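Chemist: The following file, model30.pdb, comprises PDB, C-alpha atoms and all ligand atoms:
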```pdb
ATOM      1  CA  MET A 232      62.973 -83.455   2.423  1.00  0.00           C
ATOM      2  CA  ASN A 233      60.508 -81.329   4.335  1.00  0.00           C
ATOM      3  CA  GLY A 234      61.798 -78.561   6.621  1.00  0.00           C
ATOM      4  CA  ILE A 235      60.274 -80.248   9.686  1.00  0.00           C
ATOM      5  CA  ILE A 236      62.907 -82.984   9.469  1.00  0.00           C
ATOM      6  CA  PHE A 237      65.755 -80.421   9.152  1.00  0.00           C
ATOM      7  CA  MET A 238      64.379 -78.441  12.096  1.00  0.00           C
ATOM      8  CA  GLU A 239      64.286 -81.654  14.106  1.00  0.00           C
ATOM      9  CA  VAL A 240      67.887 -82.563  13.197  1.00  0.00           C
ATOM     10  CA  GLY A 241      68.935 -79.135  14.522  1.00  0.00           C
ATOM     11  CA  LYS A 242      66.851 -79.521  17.681  1.00  0.00           C
ATOM     12  CA  PHE A 243      68.247 -83.026  18.245  1.00  0.00           C
ATOM     13  CA  ALA A 244      71.865 -81.933  17.685  1.00  0.00           C
ATOM     14  CA  LYS A 245      71.497 -78.911  19.967  1.00  0.00           C
ATOM     15  CA  ALA A 246      69.947 -81.082  22.700  1.00  0.00           C
ATOM     16  CA  LYS A 247      72.798 -83.606  22.458  1.00  0.00           C
ATOM     17  CA  LEU A 248      75.785 -81.340  21.765  1.00  0.00           C
ATOM     18  CA  GLY A 249      74.770 -77.740  22.437  1.00  0.00           C
ATOM     19  CA  ASP A 250      74.094 -74.727  20.194  1.00  0.00           C
ATOM     20  CA  GLN A 251      77.700 -74.028  19.322  1.00  0.00           C
ATOM     21  CA  ALA A 252      78.419 -77.597  18.249  1.00  0.00           C
ATOM     22  CA  TRP A 253      75.384 -77.476  15.932  1.00  0.00           C
ATOM     23  CA  GLN A 254      76.764 -74.351  14.217  1.00  0.00           C
ATOM     24  CA  GLU A 255      80.026 -76.245  13.816  1.00  0.00           C
ATOM     25  CA  VAL A 256      78.192 -79.253  12.302  1.00  0.00           C
ATOM     26  CA  VAL A 257      76.483 -76.976   9.740  1.00  0.00           C
ATOM     27  CA  ARG A 258      79.850 -75.370   8.876  1.00  0.00           C
ATOM     28  CA  LEU A 259      81.682 -78.689   8.555  1.00  0.00           C
ATOM     29  CA  ALA A 260      78.840 -80.187   6.490  1.00  0.00           C
ATOM     30  CA  GLY A 261      79.637 -77.501   3.904  1.00  0.00           C
ATOM     31  CA  ILE A 262      75.990 -76.578   3.351  1.00  0.00           C
ATOM     32  CA  PRO A 263      74.342 -73.141   3.447  1.00  0.00           C
ATOM     33  CA  SER A 264      73.397 -71.946   6.945  1.00  0.00           C
ATOM     34  CA  ARG A 265      69.612 -71.710   6.632  1.00  0.00           C
ATOM     35  CA  LEU A 266      66.579 -70.936   8.731  1.00  0.00           C
ATOM     36  CA  TYR A 267      64.564 -74.099   8.072  1.00  0.00           C
ATOM     37  CA  VAL A 268      60.775 -73.722   7.903  1.00  0.00           C
ATOM     38  CA  PRO A 269      58.161 -76.499   7.867  1.00  0.00           C
ATOM     39  CA  VAL A 270      56.394 -75.318   4.709  1.00  0.00           C
ATOM     40  CA  ALA A 271      59.524 -75.667   2.562  1.00  0.00           C
ATOM     41  CA  ASP A 272      61.532 -78.568   1.192  1.00  0.00           C
ATOM     42  CA  TYR A 273      65.323 -78.761   1.118  1.00  0.00           C
ATOM     43  CA  PRO A 274      67.705 -81.046  -0.810  1.00  0.00           C
ATOM     44  CA  ASP A 275      68.113 -84.578   0.557  1.00  0.00           C
ATOM     45  CA  GLU A 276      71.886 -84.193  -0.032  1.00  0.00           C
ATOM     46  CA  GLU A 277      71.968 -81.476   2.648  1.00  0.00           C
ATOM     47  CA  LEU A 278      70.302 -83.822   5.123  1.00  0.00           C
ATOM     48  CA  VAL A 279      72.811 -86.555   4.299  1.00  0.00           C
ATOM     49  CA  ALA A 280      75.703 -84.084   4.760  1.00  0.00           C
ATOM     50  CA  LEU A 281      74.323 -82.985   8.141  1.00  0.00           C
ATOM     51  CA  LEU A 282      73.780 -86.570   9.319  1.00  0.00           C
ATOM     52  CA  THR A 283      77.231 -87.659   8.184  1.00  0.00           C
ATOM     53  CA  THR A 284      78.903 -84.743   9.977  1.00  0.00           C
ATOM     54  CA  LEU A 285      76.781 -85.301  13.073  1.00  0.00           C
ATOM     55  CA  SER A 286      77.789 -88.950  13.004  1.00  0.00           C
ATOM     56  CA  ILE A 287      81.494 -87.999  13.043  1.00  0.00           C
ATOM     57  CA  LYS A 288      80.934 -85.416  15.777  1.00  0.00           C
ATOM     58  CA  MET A 289      78.960 -87.847  17.973  1.00  0.00           C
ATOM     59  CA  GLY A 290      81.176 -90.848  17.216  1.00  0.00           C
ATOM     60  CA  GLU A 291      78.191 -92.999  16.220  1.00  0.00           C
ATOM     61  CA  PRO A 292      77.267 -94.511  12.842  1.00  0.00           C
ATOM     62  CA  VAL A 293      74.542 -92.700  10.831  1.00  0.00           C
ATOM     63  CA  PRO A 294      71.872 -95.407  11.458  1.00  0.00           C
ATOM     64  CA  VAL A 295      72.404 -95.070  15.226  1.00  0.00           C
ATOM     65  CA  ILE A 296      71.977 -91.280  14.943  1.00  0.00           C
ATOM     66  CA  LEU A 297      68.862 -91.736  12.774  1.00  0.00           C
ATOM     67  CA  GLN A 298      67.323 -94.147  15.245  1.00  0.00           C
ATOM     68  CA  SER A 299      67.850 -91.948  18.263  1.00  0.00           C
ATOM     69  CA  MET A 300      66.677 -88.928  16.265  1.00  0.00           C
ATOM     70  CA  GLY A 301      63.519 -90.863  15.285  1.00  0.00           C
ATOM     71  CA  GLU A 302      62.740 -91.471  18.926  1.00  0.00           C
ATOM     72  CA  PHE A 303      63.481 -87.842  19.775  1.00  0.00           C
ATOM     73  CA  ILE A 304      61.150 -86.311  17.144  1.00  0.00           C
ATOM     74  CA  VAL A 305      57.989 -88.263  17.951  1.00  0.00           C
ATOM     75  CA  PRO A 306      56.454 -85.767  20.422  1.00  0.00           C
ATOM     76  CA  ASP A 307      56.698 -83.042  17.740  1.00  0.00           C
ATOM     77  CA  LEU A 308      55.403 -85.351  14.946  1.00  0.00           C
ATOM     78  CA  ILE A 309      52.436 -86.279  17.115  1.00  0.00           C
ATOM     79  CA  GLY A 310      51.937 -82.598  17.944  1.00  0.00           C
ATOM     80  CA  ILE A 311      51.658 -81.528  14.296  1.00  0.00           C
ATOM     81  CA  SER A 312      49.374 -84.404  13.328  1.00  0.00           C
ATOM     82  CA  GLN A 313      47.225 -84.409  16.483  1.00  0.00           C
ATOM     83  CA  TYR A 314      44.067 -83.744  14.455  1.00  0.00           C
ATOM     84  CA  LEU A 315      44.712 -86.898  12.372  1.00  0.00           C
ATOM     85  CA  ILE A 316      45.308 -89.211  15.332  1.00  0.00           C
ATOM     86  CA  HIS A 317      42.342 -91.041  16.863  1.00  0.00           C
ATOM     87  CA  ARG A 318      42.015 -90.802  20.619  1.00  0.00           C
ATOM     88  CA  ASP A 319      41.684 -94.560  21.105  1.00  0.00           C
ATOM     89  CA  TRP A 320      44.832 -95.443  19.126  1.00  0.00           C
ATOM     90  CA  LYS A 321      47.872 -97.021  20.757  1.00  0.00           C
ATOM     91  CA  THR A 322      51.305 -97.799  19.312  1.00  0.00           C
ATOM     92  CA  ILE A 323      50.365-100.451  16.742  1.00  0.00           C
ATOM     93  CA  ASP A 324      47.233 -98.569  15.621  1.00  0.00           C
ATOM     94  CA  LEU A 325      49.171 -95.364  14.998  1.00  0.00           C
ATOM     95  CA  ILE A 326      51.913 -97.122  13.024  1.00  0.00           C
ATOM     96  CA  ALA A 327      49.413 -99.211  11.029  1.00  0.00           C
ATOM     97  CA  ASN A 328      47.414 -96.065  10.178  1.00  0.00           C
ATOM     98  CA  THR A 329      50.325 -93.714   9.418  1.00  0.00           C
ATOM     99  CA  GLU A 330      50.269 -94.364   5.679  1.00  0.00           C
ATOM    100  CA  GLU A 331      46.530 -93.828   5.107  1.00  0.00           C
ATOM    101  CA  MET A 332      45.810 -91.233   7.782  1.00  0.00           C
ATOM    102  CA  ILE A 333      49.046 -89.221   8.104  1.00  0.00           C
ATOM    103  CA  HIS A 334      51.728 -89.665   5.417  1.00  0.00           C
ATOM    104  CA  LYS A 335      49.139 -89.663   2.591  1.00  0.00           C
ATOM    105  CA  VAL A 336      47.596 -86.437   3.901  1.00  0.00           C
ATOM    106  CA  LEU A 337      51.034 -84.786   4.194  1.00  0.00           C
ATOM    107  CA  ARG A 338      51.872 -85.812   0.610  1.00  0.00           C
ATOM    108  CA  GLY A 339      48.926 -83.733  -0.596  1.00  0.00           C
ATOM    109  CA  ALA A 340      49.585 -80.799   1.742  1.00  0.00           C
ATOM    110  CA  GLY A 341      50.977 -78.449  -0.897  1.00  0.00           C
ATOM    111  CA  THR A 342      54.708 -78.842  -0.330  1.00  0.00           C
ATOM    112  CA  LYS A 343      56.942 -81.329  -2.117  1.00  0.00           C
ATOM    113  CA  ALA A 344      57.081 -83.460   1.061  1.00  0.00           C
ATOM    114  CA  ASN A 345      57.090 -87.096   0.087  1.00  0.00           C
ATOM    115  CA  PRO A 346      56.925 -89.240   3.234  1.00  0.00           C
ATOM    116  CA  PRO A 347      57.713 -92.877   2.509  1.00  0.00           C
ATOM    117  CA  GLU A 348      54.972 -95.305   1.617  1.00  0.00           C
ATOM    118  CA  LEU A 349      54.579 -97.648   4.588  1.00  0.00           C
ATOM    119  CA  ARG A 350      52.797-100.852   3.558  1.00  0.00           C
ATOM    120  CA  CYS A 351      51.369-102.391   6.710  1.00  0.00           C
ATOM    121  CA  ARG A 352      50.004-105.855   7.405  1.00  0.00           C
ATOM    122  CA  ARG A 353      48.362-106.517  10.712  1.00  0.00           C
ATOM    123  CA  LEU A 354      48.001-110.248  11.269  1.00  0.00           C
ATOM    124  CA  ARG A 355      47.157-109.931  14.961  1.00  0.00           C
ATOM    125  CA  PRO A 356      46.175-106.959  17.143  1.00  0.00           C
ATOM    126  CA  GLN A 357      49.518-106.589  18.919  1.00  0.00           C
ATOM    127  CA  GLU A 358      51.716-106.816  15.810  1.00  0.00           C
ATOM    128  CA  VAL A 359      52.235-104.913  12.558  1.00  0.00           C
ATOM    129  CA  ILE A 360      54.566-105.764   9.692  1.00  0.00           C
ATOM    130  CA  VAL A 361      55.744-102.632   7.905  1.00  0.00           C
ATOM    131  CA  THR A 362      57.282-102.833   4.441  1.00  0.00           C
ATOM    132  CA  TYR A 363      59.450 -99.780   3.790  1.00  0.00           C
ATOM    133  CA  THR A 364      60.926 -99.175   0.334  1.00  0.00           C
ATOM    134  CA  SER A 365      61.956 -95.498   0.274  1.00  0.00           C
ATOM    135  CA  PRO A 366      65.040 -94.851  -1.878  1.00  0.00           C
ATOM    136  CA  ARG A 367      66.301 -92.766   1.057  1.00  0.00           C
ATOM    137  CA  LYS A 368      66.902 -96.047   2.900  1.00  0.00           C
ATOM    138  CA  MET A 369      66.212 -94.559   6.321  1.00  0.00           C
ATOM    139  CA  CYS A 370      64.744 -97.650   7.993  1.00  0.00           C
ATOM    140  CA  ALA A 371      66.700 -96.700  11.131  1.00  0.00           C
ATOM    141  CA  LEU A 372      64.593 -93.528  11.343  1.00  0.00           C
ATOM    142  CA  ALA A 373      61.431 -95.636  11.016  1.00  0.00           C
ATOM    143  CA  LYS A 374      62.610 -97.894  13.851  1.00  0.00           C
ATOM    144  CA  GLY A 375      63.370 -94.882  16.039  1.00  0.00           C
ATOM    145  CA  ILE A 376      59.959 -93.337  15.307  1.00  0.00           C
ATOM    146  CA  ALA A 377      58.269 -96.652  16.193  1.00  0.00           C
ATOM    147  CA  LYS A 378      60.141 -96.701  19.515  1.00  0.00           C
ATOM    148  CA  GLY A 379      59.199 -93.078  20.170  1.00  0.00           C
ATOM    149  CA  VAL A 380      55.546 -93.861  19.463  1.00  0.00           C
ATOM    150  CA  ALA A 381      55.683 -96.746  21.957  1.00  0.00           C
ATOM    151  CA  LYS A 382      57.238 -94.440  24.548  1.00  0.00           C
ATOM    152  CA  HIS A 383      54.451 -91.921  23.925  1.00  0.00           C
ATOM    153  CA  TYR A 384      51.813 -94.571  24.683  1.00  0.00           C
ATOM    154  CA  GLY A 385      53.768 -96.105  27.577  1.00  0.00           C
ATOM    155  CA  GLU A 386      54.146 -99.439  25.770  1.00  0.00           C
ATOM    156  CA  ARG A 387      57.146-101.676  25.149  1.00  0.00           C
ATOM    157  CA  ILE A 388      57.802-102.946  21.638  1.00  0.00           C
ATOM    158  CA  ILE A 389      60.162-105.413  20.027  1.00  0.00           C
ATOM    159  CA  ILE A 390      61.327-104.716  16.468  1.00  0.00           C
ATOM    160  CA  THR A 391      62.931-107.274  14.185  1.00  0.00           C
ATOM    161  CA  GLU A 392      64.016-106.598  10.620  1.00  0.00           C
ATOM    162  CA  PRO A 393      64.178-109.887   8.673  1.00  0.00           C
ATOM    163  CA  THR A 394      65.075-108.074   5.429  1.00  0.00           C
ATOM    164  CA  CYS A 395      66.830-104.717   5.031  1.00  0.00           C
ATOM    165  CA  MET A 396      67.761-102.653   1.949  1.00  0.00           C
ATOM    166  CA  LEU A 397      71.060-101.737   3.620  1.00  0.00           C
ATOM    167  CA  LYS A 398      71.892-105.468   3.640  1.00  0.00           C
ATOM    168  CA  GLY A 399      70.918-106.027   0.005  1.00  0.00           C
ATOM    169  CA  GLY A 400      67.204-106.695   0.438  1.00  0.00           C
ATOM    170  CA  ALA A 401      64.643-105.299  -2.021  1.00  0.00           C
ATOM    171  CA  ALA A 402      62.752-103.729   0.902  1.00  0.00           C
ATOM    172  CA  CYS A 403      63.048-103.304   4.650  1.00  0.00           C
ATOM    173  CA  GLU A 404      60.540-105.357   6.562  1.00  0.00           C
ATOM    174  CA  LEU A 405      59.947-104.268  10.144  1.00  0.00           C
ATOM    175  CA  VAL A 406      58.073-106.656  12.411  1.00  0.00           C
ATOM    176  CA  ILE A 407      56.831-104.554  15.315  1.00  0.00           C
ATOM    177  CA  THR A 408      55.271-106.345  18.288  1.00  0.00           C
ATOM    178  CA  VAL A 409      53.968-104.975  21.562  1.00  0.00           C
ATOM    179  CA  ALA A 410      55.730-106.960  24.283  1.00  0.00           C
TER
HETATM  180  C1  LIG A 501      53.335 -89.503  13.957  1.00  0.00           C
HETATM  181  C2  LIG A 501      53.007 -88.994  12.809  1.00  0.00           C
HETATM  182  C3  LIG A 501      53.952 -88.799  11.653  1.00  0.00           C
HETATM  183  C4  LIG A 501      54.156 -87.630  10.981  1.00  0.00           C
HETATM  184  C5  LIG A 501      53.469 -86.283  11.242  1.00  0.00           C
HETATM  185  C6  LIG A 501      55.174 -87.884   9.969  1.00  0.00           C
HETATM  186  C7  LIG A 501      55.645 -86.931   9.086  1.00  0.00           C
HETATM  187  C8  LIG A 501      56.695 -87.088   8.221  1.00  0.00           C
HETATM  188  C9  LIG A 501      57.249 -86.057   7.356  1.00  0.00           C
HETATM  189  C10 LIG A 501      56.714 -84.613   7.229  1.00  0.00           C
HETATM  190  C11 LIG A 501      58.300 -86.576   6.706  1.00  0.00           C
HETATM  191  C12 LIG A 501      59.211 -85.860   5.683  1.00  0.00           C
HETATM  192  C13 LIG A 501      58.945 -86.381   4.304  1.00  0.00           C
HETATM  193  C14 LIG A 501      59.523 -85.592   3.149  1.00  0.00           C
HETATM  194  O1  LIG A 501      59.840 -84.417   3.312  1.00  0.00           O
HETATM  195  O2  LIG A 501      59.651 -86.131   2.029  1.00  0.00           O
HETATM  196  C15 LIG A 501      58.421 -87.961   7.145  1.00  0.00           C
HETATM  197  C16 LIG A 501      59.403 -88.825   6.733  1.00  0.00           C
HETATM  198  C17 LIG A 501      59.556 -90.105   7.222  1.00  0.00           C
HETATM  199  N1  LIG A 501      58.659 -90.811   7.996  1.00  0.00           N
HETATM  200 FE1  LIG A 501      57.013 -90.071   8.899  1.00  0.00          FE
HETATM  201  N2  LIG A 501      55.561 -89.196  10.044  1.00  0.00           N
HETATM  202  C18 LIG A 501      54.857 -89.796  11.052  1.00  0.00           C
HETATM  203  C19 LIG A 501      54.924 -91.135  11.439  1.00  0.00           C
HETATM  204  C20 LIG A 501      55.834 -92.050  10.928  1.00  0.00           C
HETATM  205  C21 LIG A 501      55.924 -93.451  11.336  1.00  0.00           C
HETATM  206  C22 LIG A 501      55.029 -94.119  12.377  1.00  0.00           C
HETATM  207  C23 LIG A 501      56.953 -93.987  10.621  1.00  0.00           C
HETATM  208  C24 LIG A 501      57.481 -95.408  10.627  1.00  0.00           C
HETATM  209  C25 LIG A 501      57.388 -96.224  11.643  1.00  0.00           C
HETATM  210  C26 LIG A 501      57.515 -92.932   9.779  1.00  0.00           C
HETATM  211  C27 LIG A 501      58.613 -93.088   8.955  1.00  0.00           C
HETATM  212  C28 LIG A 501      59.198 -92.052   8.234  1.00  0.00           C
HETATM  213  C29 LIG A 501      60.500 -92.170   7.565  1.00  0.00           C
HETATM  214  C30 LIG A 501      61.425 -93.375   7.575  1.00  0.00           C
HETATM  215  C31 LIG A 501      60.725 -90.928   6.926  1.00  0.00           C
HETATM  216  C32 LIG A 501      62.006 -90.476   6.153  1.00  0.00           C
HETATM  217  C33 LIG A 501      61.808 -90.239   4.699  1.00  0.00           C
HETATM  218  C34 LIG A 501      61.937 -91.469   3.814  1.00  0.00           C
HETATM  219  O3  LIG A 501      62.260 -92.560   4.313  1.00  0.00           O
HETATM  220  O4  LIG A 501      61.710 -91.347   2.583  1.00  0.00           O
HETATM  221  N3  LIG A 501      56.798 -91.801   9.978  1.00  0.00           N
HETATM  222  N4  LIG A 501      57.418 -88.241   8.050  1.00  0.00           N
END
```
Please render this file's structure as structure tokens.

Modeler:
Amino acid sequence: MNGIIFMEVGKFAKAKLGDQAWQEVVRLAGIPSRLYVPVADYPDEELVALLTTLSIKMGEPVPVILQSMGEFIVPDLIGISQYLIHRDWKTIDLIANTEEMIHKVLRGAGTKANPPELRCRRLRPQEVIVTYTSPRKMCALAKGIAKGVAKHYGERIIITEPTCMLKGGAACELVITVA
């Protein structure tokens, strides 16, 4: 996973628990203490170890942590991809265009970053149906990012997930509607 995500986990943990607690999380996770950089990729197992330890430390299940982290990281994600985001986009436009205009570009950016393929269907202007099939099974992060995007645009969204890989589905389907 790309260093940006690791940097954001650290930033999130420090904001919630403080600097010292983050050092403790890294130690307890049993992974090397690294200086994460955005142009590098790090093992997914290290991310899982960090999230699991953070989950114990914060007393919340991993999907809850992932969702609130997703919301937290949006301002930085939007910051780094500003040049790819159209000025007239709102929440549903950004989500519906992430695959073609953002994730696809990042996949070819020269690192091993492999953002998940987000298949989007837009049946009406205020709704997008996102099919997420990443083997990382981080649909909670996707939901958090969607909420963060809505916050960025000052909109309110409702998300339902009729099928989920964590509940045995072949894919996660997120129905995202502007309220
Ligand atoms: C706002 C612009 C966005 C940027 C700059 C961005 C960038 C990234 C990057 C760099 C990664 C790490 C991938 C890797 O290292 O393999 C990632 C992962 C991810 N992104 Fe995005 N993303 C954006 C929007 C979104 C949106 C709108 C969603 C879904 C609603 C989303 C869902 C995810 C998920 C779930 C992952 C975790 C990896 C996985 O599931 O395989 N992203 N993104």

Chemist: Rounded to one decimal in Å, what is the spacing between atom CA of Ala271 of chain A and atom CA of Asn233 of chain A?

Modeler: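 A separation of 6.0 Å between them.
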
Chemist: Given only C-alpha atoms as the basis, pick out the residue of A:Gly385, A:Leu405, A:Gly379, A:Pro393 nearest to Tyr363 of chain A.

Modeler: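 Of A:Gly385, A:Leu405, A:Gly379, A:Pro393, the one nearest Tyr363 of chain A is A:Leu405, counting only C-alpha atoms.
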
Chemist: Specify as number ranges by chain each residue included when the PyMOL selection byres (((chain A and resi 407) around 10) and not hetatm) is applied to this file.

Modeler: A: 322-323, 326, 353, 357-361, 374, 377-378, 388-392, 404-406, 408-410

Chemist: Just say which residues the PyMOL selection byres (((chain A and resi 302) around 8) and not hetatm) picks in this file, as a PyMOL selection string.

Modeler: chain A and resi 298-301+303-305+375-380

Chemist: Atoms to include: C-alpha atoms. Write the selected residues as a PDB file, in the frame of the given file.

Modeler:
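Saved the output as result_23.pdb:
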```
ATOM      1  CA  GLN A 298      67.323 -94.147  15.245  1.00  0.00           C
ATOM      2  CA  SER A 299      67.850 -91.948  18.263  1.00  0.00           C
ATOM      3  CA  MET A 300      66.677 -88.928  16.265  1.00  0.00           C
ATOM      4  CA  GLY A 301      63.519 -90.863  15.285  1.00  0.00           C
ATOM      5  CA  PHE A 303      63.481 -87.842  19.775  1.00  0.00           C
ATOM      6  CA  ILE A 304      61.150 -86.311  17.144  1.00  0.00           C
ATOM      7  CA  VAL A 305      57.989 -88.263  17.951  1.00  0.00           C
ATOM      8  CA  GLY A 375      63.370 -94.882  16.039  1.00  0.00           C
ATOM      9  CA  ILE A 376      59.959 -93.337  15.307  1.00  0.00           C
ATOM     10  CA  ALA A 377      58.269 -96.652  16.193  1.00  0.00           C
ATOM     11  CA  LYS A 378      60.141 -96.701  19.515  1.00  0.00           C
ATOM     12  CA  GLY A 379      59.199 -93.078  20.170  1.00  0.00           C
ATOM     13  CA  VAL A 380      55.546 -93.861  19.463  1.00  0.00           C
TER      14      VAL A 380
END
```

Chemist: Could you tell me how far atom CA of Asp275 of chain A sits from atom CA of Val256 of chain A, in Å to one decimal place?

Modeler: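 According to the coordinates, atom CA of Val256 of chain A and atom CA of Asp275 of chain A are separated by 16.4 Å.
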
Chemist: Take the PyMOL selection byres (((chain A and resi 370) around 9) and not hetatm), apply it to the structure above, and return the hits as a ChimeraX atom specification.

Modeler: /A:294,297-298,363-365,367-369,371-375,395-397,403-405

Chemist: Would you mind reading off the distance between atom C15 of ligand LIG 501 (chain A) and atom CA of Asp324 of chain A, one decimal, in Å?

Modeler: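 Separation of atom C15 of ligand LIG 501 (chain A) and atom CA of Asp324 of chain A: 17.6 Å.
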
Chemist: As an MDAnalysis selection string, please: the residues near Asn328 of chain A (cut-off 10 Å, only C-alpha atoms, same-chain neighbours under 3 positions excluded).

Modeler: chainID A and resid 315:317 320 323:325 331:334 349:351

Chemist: Which of these, A:Gly249, A:Thr362, A:Pro306, A:Arg258, has the shortest distance to Pro347 of chain A once you count all atoms listed in the file?

Modeler: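 Nearest to Pro347 of chain A: A:Thr362.
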
Chemist: From the list A:Leu266, A:Met289, A:Ile296, A:Leu308, which residue is nearest ligand LIG 501 (chain A) when using only C-alpha atoms and all ligand atoms?

Modeler: A:Leu308

Chemist: Counting all atoms listed in the file, which of A:Val295, A:Met232, A:Ile309, A:Arg387 gets nearest to Asn345 of chain A?

Modeler: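 Checking each candidate against Asn345 of chain A, we get A:Met232 as the closest.
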
Chemist: Could you check the closest approach to ligand LIG 501 (chain A) for each of A:Pro263, A:Gly399, A:Pro269, A:Pro346 and tell me which residue wins, using all atoms listed in the file?

Modeler: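 Closest to ligand LIG 501 (chain A), using all atoms listed in the file: A:Pro346.
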
Chemist: Restricting the calculation to all atoms listed in the file: of A:Leu281, A:Ile262, A:Ile287, A:Val270, which residue gets closest to ligand LIG 501 (chain A)?

Modeler: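 Smallest distance to ligand LIG 501 (chain A) is found for A:Val270.
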
Chemist: Kindly compute an axis-aligned box around the listed atoms of ligand LIG 501 (chain A), allowing 6 Å on each side, and express its centre and edge lengths in Å to one decimal as JSON.

Modeler:
```
{"center_x": 57.6, "center_y": -90.3, "center_z": 8.0, "size_x": 21.3, "size_y": 23.8, "size_z": 23.9}
```

Chemist: Counting only C-alpha atoms, what is within 9 Å of Gly234 of chain A, bar same-chain residues fewer than 3 positions away, as a list of chain:residue names?

Modeler: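 Non-adjacent residues within range: A:Phe237, A:Met238, A:Glu239, A:Tyr267, A:Val268, A:Pro269, A:Val270, A:Ala271, A:Asp272, A:Tyr273, A:Ala344.
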
Chemist: Export, as a compact mmCIF listing (two decimals), in the frame of the given file, the selected residues with C-alpha atoms.

Modeler:
```
# COMPACT_ATOMS: atom_id res chain seq x y z
CA PHE A 237 65.76 -80.42 9.15
CA MET A 238 64.38 -78.44 12.10
CA GLU A 239 64.29 -81.65 14.11
CA TYR A 267 64.56 -74.10 8.07
CA VAL A 268 60.78 -73.72 7.90
CA PRO A 269 58.16 -76.50 7.87
CA VAL A 270 56.39 -75.32 4.71
CA ALA A 271 59.52 -75.67 2.56
CA ASP A 272 61.53 -78.57 1.19
CA TYR A 273 65.32 -78.76 1.12
CA ALA A 344 57.08 -83.46 1.06
```
